[in-house]
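For reference, final-v1.csv is printed below; it contains CSV, C-alpha atoms.
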chain,number,residue,atom,x,y,z
A,1,MET,CA,-11.4,13.3,-1.1
A,2,LYS,CA,-13.4,10.1,-1.8
A,3,VAL,CA,-10.9,7.3,-1.3
A,4,ILE,CA,-11.2,3.5,-1.7
A,5,ILE,CA,-8.8,1.3,0.3
A,6,PHE,CA,-7.8,-2.2,-0.7
A,7,GLY,CA,-6.4,-4.4,2.1
A,8,SER,CA,-8.5,-2.3,4.5
A,9,THR,CA,-8.7,-5.1,7.2
A,10,GLY,CA,-5.0,-5.7,7.2
A,11,THR,CA,-2.5,-4.3,9.6
A,12,ILE,CA,-1.7,-1.3,7.5
A,13,GLY,CA,-5.2,-1.0,6.0
A,14,THR,CA,-6.8,-0.6,9.4
A,15,HIS,CA,-4.6,2.4,10.2
A,16,LEU,CA,-5.3,3.8,6.7
A,17,VAL,CA,-9.0,3.7,7.3
A,18,LYS,CA,-8.9,5.3,10.7
A,19,GLN,CA,-6.4,8.0,9.7
A,20,ALA,CA,-8.2,8.8,6.4
A,21,LEU,CA,-11.5,9.3,8.3
A,22,ASP,CA,-9.8,11.4,10.9
A,23,ALA,CA,-8.4,13.6,8.1
A,24,GLY,CA,-11.9,14.2,6.8
A,25,HIS,CA,-11.9,11.9,3.7
A,26,THR,CA,-14.9,9.9,2.6
A,27,VAL,CA,-13.7,6.3,2.7
A,28,THR,CA,-14.8,3.1,1.1
A,29,ALA,CA,-13.3,0.0,2.6
A,30,PHE,CA,-13.1,-2.9,0.1
A,31,VAL,CA,-13.3,-6.1,2.1
A,32,ARG,CA,-14.0,-9.8,1.5
A,33,ASP,CA,-15.6,-10.2,5.0
A,34,PRO,CA,-17.3,-7.1,6.4
A,35,ALA,CA,-17.4,-8.6,9.8
A,36,ARG,CA,-13.6,-8.2,10.0
A,37,LEU,CA,-13.9,-4.4,9.8
A,38,GLN,CA,-14.4,-3.2,13.3
A,39,ILE,CA,-14.6,0.6,12.5
A,40,LYS,CA,-17.9,2.5,12.4
A,41,HIS,CA,-18.1,6.0,11.0
A,42,PRO,CA,-20.7,8.1,9.1
A,43,ASN,CA,-18.1,8.8,6.3
A,44,LEU,CA,-17.2,5.1,6.0
A,45,ALA,CA,-18.8,2.8,3.4
A,46,VAL,CA,-18.1,-0.9,3.0
A,47,ALA,CA,-17.8,-2.6,-0.4
A,48,GLN,CA,-17.8,-6.3,-0.2
A,49,GLY,CA,-15.8,-8.1,-2.9
A,50,ASP,CA,-12.7,-10.1,-3.7
A,51,VAL,CA,-9.7,-8.3,-5.2
A,52,MET,CA,-9.1,-11.4,-7.3
A,53,ASN,CA,-12.5,-10.8,-9.0
A,54,ILE,CA,-12.1,-7.9,-11.5
A,55,THR,CA,-15.9,-7.4,-11.7
A,56,SER,CA,-16.3,-6.7,-8.0
A,57,VAL,CA,-13.3,-4.3,-8.1
A,58,VAL,CA,-14.7,-2.3,-11.1
A,59,LYS,CA,-18.1,-2.0,-9.4
A,60,ALA,CA,-16.5,-0.7,-6.2
A,61,MET,CA,-14.1,1.6,-7.9
A,62,GLN,CA,-16.6,3.9,-9.6
A,63,GLY,CA,-16.9,7.4,-8.3
A,64,HIS,CA,-13.7,7.6,-6.3
A,65,ASP,CA,-10.9,10.2,-6.4
A,66,ALA,CA,-8.0,8.0,-5.4
A,67,VAL,CA,-6.9,4.5,-4.4
A,68,LEU,CA,-4.9,3.4,-1.4
A,69,CYS,CA,-3.6,-0.2,-1.8
A,70,ALA,CA,-2.2,-2.2,1.1
A,71,LEU,CA,-2.8,-5.7,0.0
A,72,GLY,CA,-1.1,-8.5,1.9
A,73,ALA,CA,-1.0,-12.3,2.0
A,74,GLY,CA,1.5,-13.1,4.6
A,75,ARG,CA,4.3,-15.2,3.2
A,76,LYS,CA,2.3,-16.2,0.1
A,77,GLY,CA,2.6,-14.8,-3.3
A,78,ASN,CA,0.1,-13.9,-6.1
A,79,VAL,CA,-2.5,-11.9,-4.2
A,80,ARG,CA,-0.5,-8.7,-4.1
A,81,SER,CA,0.4,-8.7,-7.8
A,82,GLU,CA,-2.8,-10.1,-9.3
A,83,GLY,CA,-5.0,-8.1,-7.0
A,84,THR,CA,-3.1,-4.9,-7.8
A,85,ARG,CA,-3.4,-5.7,-11.5
A,86,HIS,CA,-7.1,-5.8,-11.1
A,87,VAL,CA,-7.1,-2.5,-9.2
A,88,ILE,CA,-5.1,-0.9,-12.1
A,89,GLN,CA,-7.5,-2.3,-14.7
A,90,ALA,CA,-10.5,-1.0,-12.7
A,91,MET,CA,-8.9,2.4,-12.3
A,92,GLU,CA,-8.3,2.6,-16.0
A,93,GLN,CA,-11.9,1.6,-16.8
A,94,THR,CA,-13.5,4.1,-14.4
A,95,GLY,CA,-11.1,7.0,-14.9
A,96,VAL,CA,-9.6,7.1,-11.4
A,97,ARG,CA,-6.0,8.4,-11.6
A,98,ARG,CA,-4.3,8.5,-8.2
A,99,LEU,CA,-2.8,5.2,-6.9
A,100,VAL,CA,-0.7,5.0,-3.7
A,101,CYS,CA,0.5,1.5,-3.1
A,102,GLU,CA,2.5,-0.1,-0.3
A,103,THR,CA,5.1,-2.7,-1.3
A,104,SER,CA,8.4,-3.2,0.6
A,105,LEU,CA,11.8,-1.7,1.2
A,106,GLY,CA,14.3,-4.0,-0.6
A,107,VAL,CA,12.2,-4.4,-3.8
A,108,GLY,CA,13.9,-3.2,-7.0
A,109,ASP,CA,16.7,-0.7,-6.7
A,110,SER,CA,16.1,-0.4,-2.9
A,111,ARG,CA,17.8,-3.7,-2.2
A,112,GLY,CA,20.9,-1.9,-1.3
A,113,ASN,CA,19.2,-0.5,1.8
A,114,LEU,CA,18.9,-4.0,3.3
A,115,ASN,CA,21.3,-5.7,5.7
A,116,PHE,CA,22.5,-9.3,5.4
A,117,PHE,CA,19.6,-10.6,7.5
A,118,TRP,CA,16.9,-9.0,5.3
A,119,LYS,CA,18.6,-9.8,2.0
A,120,TYR,CA,19.5,-13.4,2.5
A,121,ILE,CA,17.5,-14.8,5.4
A,122,MET,CA,14.1,-13.0,5.3
A,123,PHE,CA,13.7,-12.2,1.6
A,124,GLY,CA,16.1,-14.8,0.4
A,125,MET,CA,14.5,-17.7,2.2
A,126,LEU,CA,11.5,-17.1,4.6
A,127,LEU,CA,9.7,-14.5,2.6
A,128,ARG,CA,10.9,-15.3,-0.9
A,129,GLU,CA,7.4,-15.7,-2.4
A,130,ALA,CA,6.1,-12.5,-0.9
A,131,TYR,CA,9.2,-10.6,-2.0
A,132,ALA,CA,8.8,-11.9,-5.6
A,133,ASP,CA,5.1,-11.0,-5.5
A,134,HIS,CA,6.0,-7.4,-4.5
A,135,GLY,CA,8.3,-7.2,-7.5
A,136,LYS,CA,5.6,-8.2,-9.9
A,137,GLN,CA,3.2,-5.8,-8.2
A,138,GLU,CA,5.6,-2.9,-8.8
A,139,ASP,CA,6.1,-4.0,-12.4
A,140,TYR,CA,2.3,-3.8,-13.1
A,141,ILE,CA,2.1,-0.4,-11.5
A,142,LYS,CA,5.1,1.1,-13.4
A,143,ARG,CA,3.7,-0.1,-16.7
A,144,SER,CA,0.4,1.7,-16.1
A,145,ASN,CA,-0.4,5.3,-17.1
A,146,LEU,CA,-1.8,6.1,-13.7
A,147,ASP,CA,-0.6,8.8,-11.3
A,148,TRP,CA,1.1,6.3,-9.1
A,149,ILE,CA,3.3,6.4,-6.0
A,150,ILE,CA,4.9,3.2,-4.7
A,151,VAL,CA,5.7,3.4,-1.0
A,152,ARG,CA,8.4,1.0,0.2
A,153,PRO,CA,8.3,0.7,4.0
A,154,ALA,CA,10.9,-1.1,6.1
A,155,ALA,CA,9.9,-3.8,8.6
A,156,PHE,CA,6.7,-3.1,10.5
A,157,THR,CA,6.4,-2.4,14.2
A,158,ASP,CA,3.4,-1.7,16.4
A,159,GLY,CA,4.9,1.6,17.5
A,160,ALA,CA,3.2,5.0,17.8
A,161,HIS,CA,1.9,7.3,15.1
A,162,THR,CA,4.8,9.9,15.2
A,163,GLY,CA,4.8,11.5,11.7
A,164,VAL,CA,8.6,11.6,12.0
A,165,TYR,CA,10.6,9.3,9.8
A,166,HIS,CA,13.0,9.2,6.8
A,167,HIS,CA,11.5,9.0,3.4
A,168,GLY,CA,12.8,9.1,-0.2
A,169,PHE,CA,16.4,8.3,0.9
A,170,SER,CA,18.9,6.9,-1.6
A,171,SER,CA,19.3,3.1,-2.3
A,172,THR,CA,22.7,3.2,-0.6
A,173,ALA,CA,21.6,5.0,2.6
A,174,LYS,CA,22.8,3.3,5.8
A,175,ASN,CA,21.4,5.8,8.3
A,176,VAL,CA,18.0,4.1,8.6
A,177,THR,CA,16.9,1.6,11.2
A,178,LEU,CA,15.0,-0.7,8.8
A,179,LYS,CA,11.9,-0.3,11.0
A,180,ILE,CA,8.7,1.8,10.7
A,181,SER,CA,5.4,1.7,12.6
A,182,ARG,CA,2.3,0.6,10.8
A,183,ALA,CA,0.7,3.8,11.9
A,184,ASP,CA,3.5,5.9,10.3
A,185,VAL,CA,3.3,3.9,7.1
A,186,ALA,CA,-0.4,4.9,6.9
A,187,ASP,CA,0.5,8.5,7.7
A,188,PHE,CA,3.0,8.7,4.8
A,189,MET,CA,0.7,7.0,2.4
A,190,LEU,CA,-2.2,9.4,3.1
A,191,LYS,CA,0.1,12.4,2.6
A,192,GLN,CA,0.8,11.1,-1.0
A,193,LEU,CA,-2.8,11.6,-1.9
A,194,THR,CA,-2.1,15.3,-2.4
A,195,ASP,CA,1.7,15.6,-2.6
A,196,ASN,CA,3.3,15.3,-6.0
A,197,ARG,CA,6.9,15.1,-4.8
A,198,TYR,CA,7.1,11.4,-5.4
A,199,LEU,CA,4.8,11.1,-8.4
A,200,ARG,CA,5.8,8.0,-10.3
A,201,LYS,CA,8.6,7.3,-7.8
A,202,THR,CA,9.3,4.7,-5.2
A,203,PRO,CA,10.2,6.4,-1.9
A,204,GLY,CA,11.6,4.2,0.9
A,205,LEU,CA,10.3,4.7,4.4
A,206,SER,CA,12.1,4.0,7.7
A,207,TYR,CA,13.1,5.5,11.0
Can the structure from this file be put into structure tokens for me?
Amino acid sequence: MKVIIFGSTGTIGTHLVKQALDAGHTVTAFVRDPARLQIKHPNLAVAQGDVMNITSVVKAMQGHDAVLCALGAGRKGNVRSEGTRHVIQAMEQTGVRRLVCETSLGVGDSRGNLNFFWKYIMFGMLLREAYADHGKQEDYIKRSNLDWIIVRPAAFTDGAHTGVYHHGFSSTAKNVTLKISRADVADFMLKQLTDNRYLRKTPGLSY
């Protein structure tokens, strides 16, 4: 497939780019600063632009089969939701249908998966803006007519790419660790490009 990746220089996006290339996809990395992308490959193209600028997103979007979105902004809000809104608009304008977007476990009806620490300390205080931004991001996606899958990973680790993890568990599941490696988040997101099991659903992801 010909895939465009938003957030491609981030901690999830870097794994997405590498694994997508290893899987044989043709990849476009959408970046603000091409110097931050340390990957070189004959099947990798770089599109310079700002996700907050709809014109640059539409220009880069044309001719792709699917979109992987892993936008981040640390503790800050706005970039995830508004950037994703621009991605959706660009997809609708150019006829690209498949969107696989990473948000966070704990958003929406998955709040029941969280423990006290994540509910009230991390998302209740330290990451409140980012958490609210993910909520808006999901709302934009769910209101679209795209073939979307929202992936909700637990807390990131720098662990290995194992391909072995829980996914799609219930919002009351207590048998998950609330941790997942960035490499395995990328692994699961890439699988959603061709798997319809979670079409227009919000699978959680954790060990």
Fill in: Residues near Gln19 of chain A, cut-off 12 Å, all atoms listed in the file, skip fewer than 2 positions along chain, as number ranges by chain
A: 3, 5, 8, 12-17, 21-27, 39, 41, 44, 161, 163, 182-191
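Of the listed residues (A:Ala132, A:Ala155, A:Met52, A:Leu71), A:Leu71 comes nearest to Thr9 of chain A; the distances count only C-alpha atoms.
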Discussion item. Report as a PyMOL selection string all protein, DNA and RNA residues lying within 7 Å of Arg97 of chain A, evaluated on only C-alpha atoms, omitting residues in the same chain fewer than 4 positions from it.
Written reply: chain A and resi 66+91+146-147
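Of note, atom CA of Thr162 of chain A and atom CA of Val31 of chain A are spaced 27.5 Å apart.
Candidate residues A:Gln48, A:Ser144, A:Ser110, A:Thr28 were compared for distance to His86 of chain A, and the nearest is A:Ser144, using all atoms listed in the file.
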Worksheet item: Within 10 Å of (2.8, -15.9, 0.7), in the coordinates the file gives, what residues turn up when you count only C-alpha atoms, written out as a list in words?
Response: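 Selection result: Gly72, Ala73, Gly74, Arg75, Lys76, Gly77, Asn78, Val79, Arg80, Leu126, Leu127, Arg128, Glu129, Ala130, Tyr131, Ala132 and Asp133 of chain A.
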How would the residues just chosen look if you wrote them out with C-alpha atoms as a compact mmCIF listing (two decimals), in the coordinates of the input?
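Final output, out_27.txt:
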# COMPACT_ATOMS: atom_id res chain seq x y z
CA GLY A 72 -1.10 -8.50 1.90
CA ALA A 73 -1.00 -12.30 2.00
CA GLY A 74 1.50 -13.10 4.60
CA ARG A 75 4.30 -15.20 3.20
CA LYS A 76 2.30 -16.20 0.10
CA GLY A 77 2.60 -14.80 -3.30
CA ASN A 78 0.10 -13.90 -6.10
CA VAL A 79 -2.50 -11.90 -4.20
CA ARG A 80 -0.50 -8.70 -4.10
CA LEU A 126 11.50 -17.10 4.60
CA LEU A 127 9.70 -14.50 2.60
CA ARG A 128 10.90 -15.30 -0.90
CA GLU A 129 7.40 -15.70 -2.40
CA ALA A 130 6.10 -12.50 -0.90
CA TYR A 131 9.20 -10.60 -2.00
CA ALA A 132 8.80 -11.90 -5.60
CA ASP A 133 5.10 -11.00 -5.50
Worksheet item: Given the choices A:Ala29, A:Ala35, A:Val151, A:Ala90, which gets closest to Ala47 of chain A if the distance is worked out from all atoms listed in the file?
Response: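 Of the candidates, the smallest distance to Ala47 of chain A is held by A:Ala29.
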Worksheet entry | Best match for closeness to Leu99 of chain A among A:Cys69, A:Thr194, A:Gly112, A:Glu82, counting all atoms listed in the file |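 Comparing A:Cys69, A:Thr194, A:Gly112, A:Glu82 against Leu99 of chain A, the winner is A:Cys69.
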Fill in: Atom pair atom CA of Val176 of chain A / atom CA of Leu114 of chain A: separation (Å)
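We find that atom CA of Val176 of chain A and atom CA of Leu114 of chain A lie 9.7 Å from each other.
Proximity of A:His167, A:Asp139, A:Ala154, A:Trp148 to Trp118 of chain A, computed with all atoms listed in the file, is greatest for A:Ala154.
Atom CA of Tyr198 of chain A is found 21.0 Å from atom CA of Gly95 of chain A.
Using all atoms listed in the file, the nearest neighbour of Phe123 of chain A within the list A:Val107, A:Met61, A:Phe169, A:Glu138 is A:Val107.
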Worksheet item: Do you know which residues lie at most 7 Å from (-13.3, 9.7, -5.5), with coordinates as in the file and only C-alpha atoms counted, and could you write them as number ranges by chain?
Response: A: 1-3, 63-66
Dump segment 2-14 of chain A with C-alpha atoms to a file, as a compact mmCIF listing (two decimals), in the first residue's frame.
# COMPACT_ATOMS: atom_id res chain seq x y z
CA LYS A 2 0.94 3.63 -0.35
CA VAL A 3 0.70 5.02 3.17
CA ILE A 4 1.15 8.52 4.58
CA ILE A 5 2.18 8.86 8.22
CA PHE A 6 1.42 11.92 10.35
CA GLY A 7 3.54 12.31 13.47
CA SER A 8 6.28 10.36 11.72
CA THR A 9 9.18 11.81 13.73
CA GLY A 10 7.52 11.09 17.07
CA THR A 11 8.16 8.11 19.32
CA ILE A 12 5.37 6.03 17.76
CA GLY A 13 5.72 7.49 14.27
CA THR A 14 9.37 6.47 13.93
